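Asks: The structure follows.
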Amino acid sequence: MTIDVNLSRTDEVFFDNLDDIIEDTMVQMFILHPKNASEIAEAQQNASEYESLFYSLPLHLRGEADENCVAFSISSDEDVASLPDTTKPLIVDQSFLNDSIVTALKDARGIILNATSANNALENFYVSLGAGTIGSFDTETLSALSMDRIVLQSSYPDHGFDEIFSTVKVISDAMFRPEQSIIARATKSSLELFGFRKS
């Protein structure tokens, strides 16, 4: 089993092929990150219909969360101002990180989507790796990265679900670890972070 922690958006092709995606790739859980009201409504509707779909909400909209919301996202100053008010994990995109955001998040836990560096200052955050960003890491950086800090993303529809496994192969080659062990650790980490399995 694999968890895609960054499904950028759903579309008709995704839903038409969902059973095949799950069967062929063993990606069995998908986390959406809607940003505006229409995207949130759509994500909540889809998550209520498909047991493999979950979502995050912008932190300042946390009051709209239902049982399928597994995390809150940080993408605005309004979200940063709400930081003391949550026990759910936080999702932040690498592009939004700066020194002040890193300082604000230092005691939080969550995932850095589209990670392009190890982000060692945020030691309680997983780095989400996928086809779109794995090229930002050289072999030395990847080999020094703990398997306990890695989760996996597709960024579909920009990248396909099979590309998760191309990413895993790059990590495996750098770490000299079996691909299956990297997938298993990333899955375990994701399940624990989102509260599906006790740590």
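Residues are named by chain letter and number: chains run A, B, ... in the order of the structure tokens, numbers start at 1 in each chain, and ligands are numbered from 1 in the order shown.
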Which residues, written as a list in words, have at least one atom at most 12 Å from Glu67 in chain A, with only C-alpha atoms counted and residues fewer than 6 positions away on the same chain left out?

Replies: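 These residues fall inside the cut-off: Gln44, Gln45, Ala47, Ser48, Glu51, Leu53, Phe54, Tyr55, Ser56, Leu57, Phe194 and Gly195 of chain A.
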
Asks: Which neighbours of range 108-123 of chain A fall inside 6 Å, counting only C-alpha atoms, when residues of the same chain fewer than 4 positions from it are skipped, and could you give them as a PyMOL selection string?

Replies: chain A and resi 89-94+127-128+133+136

Asks: Write the residues of the selection above to a file with C-alpha atoms, as a PDB file, in the first residue's frame.

Replies:
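The resulting file, result-v1.pdb, is shown below:
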```pdb
ATOM      1  CA  PRO A  89      -0.889  17.934  11.288  1.00  0.00           C
ATOM      2  CA  LEU A  90      -0.022  20.887   9.073  1.00  0.00           C
ATOM      3  CA  ILE A  91       0.653  20.910   5.353  1.00  0.00           C
ATOM      4  CA  VAL A  92       2.870  23.617   3.880  1.00  0.00           C
ATOM      5  CA  ASP A  93       4.269  23.930   0.376  1.00  0.00           C
ATOM      6  CA  GLN A  94       8.003  24.400   0.000  1.00  0.00           C
ATOM      7  CA  VAL A 127       9.467  15.996   3.222  1.00  0.00           C
ATOM      8  CA  SER A 128       7.149  14.955   0.424  1.00  0.00           C
ATOM      9  CA  THR A 133      11.015  17.780  -7.142  1.00  0.00           C
ATOM     10  CA  SER A 136      16.406  19.027  -6.689  1.00  0.00           C
TER      11      SER A 136
END
```

Asks: Pick out the residues sitting within 12 Å of range 165-173 of chain A, and hand them over as a ChimeraX atom specification; count only C-alpha atoms, and ignore anything fewer than 6 positions along from it in its own chain.

Replies: /A:2-4,24-27,128-147,150-154,159,179-186

Asks: Using only C-alpha atoms, which protein or nucleic acid residues come within 10 Å of Ser8 in chain A? Drop anything in the same chain fewer than 3 positions from it, and give the result as a PyMOL selection string.

Replies: chain A and resi 5+30-34+153-159

Asks: In Å, how far is it from CA of Pro58 in chain A to CA of Asn36 in chain A?

Replies: 8.7 Å

Asks: When you count only C-alpha atoms, which of these residues is closest to Phe96 in chain A: A:Val80, A:Ala41, A:Val13, A:Ile164?

Replies: A:Val80

Asks: Report the residues of chain A whose backbone DSSP state falls under strand (DSSP E), written as a ChimeraX atom specification.

Replies: /A:2-7,27-32,53-58,69-74,90-93,110-113,125-129,150-152

Asks: Produce a file of the selected residues containing C-alpha atoms, as a tab-separated table (two decimals), in the first residue's frame.

Replies:
```tsv
chain	number	residue	atom	x	y	z
A	2	THR	CA	1.13	3.52	-0.83
A	3	ILE	CA	-0.31	6.89	0.17
A	4	ASP	CA	-0.21	9.83	-2.22
A	5	VAL	CA	0.00	12.81	0.13
A	6	ASN	CA	-0.33	15.38	-2.64
A	7	LEU	CA	-3.13	14.86	-5.14
A	27	VAL	CA	-1.75	3.72	-4.23
A	28	GLN	CA	-4.76	3.31	-1.99
A	29	MET	CA	-5.13	6.67	-0.26
A	30	PHE	CA	-5.05	10.14	-1.78
A	31	ILE	CA	-4.85	13.49	0.04
A	32	LEU	CA	-6.28	16.57	-1.70
A	53	LEU	CA	-9.98	10.23	-0.70
A	54	PHE	CA	-9.18	12.62	2.15
A	55	TYR	CA	-8.31	16.31	2.23
A	56	SER	CA	-6.70	19.17	4.10
A	57	LEU	CA	-8.29	22.57	4.72
A	58	PRO	CA	-6.64	25.98	4.98
A	69	CYS	CA	-10.26	16.30	6.83
A	70	VAL	CA	-6.93	14.85	7.98
A	71	ALA	CA	-4.76	17.99	8.09
A	72	PHE	CA	-4.75	21.76	7.81
A	73	SER	CA	-2.76	23.67	5.22
A	74	ILE	CA	-0.68	26.81	5.68
A	90	LEU	CA	-0.02	20.89	9.07
A	91	ILE	CA	0.65	20.91	5.35
A	92	VAL	CA	2.87	23.62	3.88
A	93	ASP	CA	4.27	23.93	0.38
A	110	GLY	CA	3.25	17.91	9.34
A	111	ILE	CA	4.40	17.65	5.74
A	112	ILE	CA	6.32	19.93	3.40
A	113	LEU	CA	4.82	19.37	-0.04
A	125	PHE	CA	7.93	17.74	9.27
A	126	TYR	CA	8.11	15.04	6.63
A	127	VAL	CA	9.47	16.00	3.22
A	128	SER	CA	7.15	14.95	0.42
A	129	LEU	CA	9.05	13.74	-2.61
A	150	ILE	CA	10.05	10.80	3.69
A	151	VAL	CA	6.50	10.65	2.36
A	152	LEU	CA	5.47	10.31	-1.28
```

Asks: What is the distance, in Å and to one decimal place, between CA of Asp19 in chain A and CA of Pro178 in chain A?

Replies: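 A separation of 26.9 Å between them.
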
Asks: Which of these residues is nearest to Arg62 in chain A, using only C-alpha atoms: A:Glu78, A:Asn17, A:Asp148, A:Ala104?

Replies: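 Of the candidates, the smallest distance to Arg62 in chain A is held by A:Glu78.
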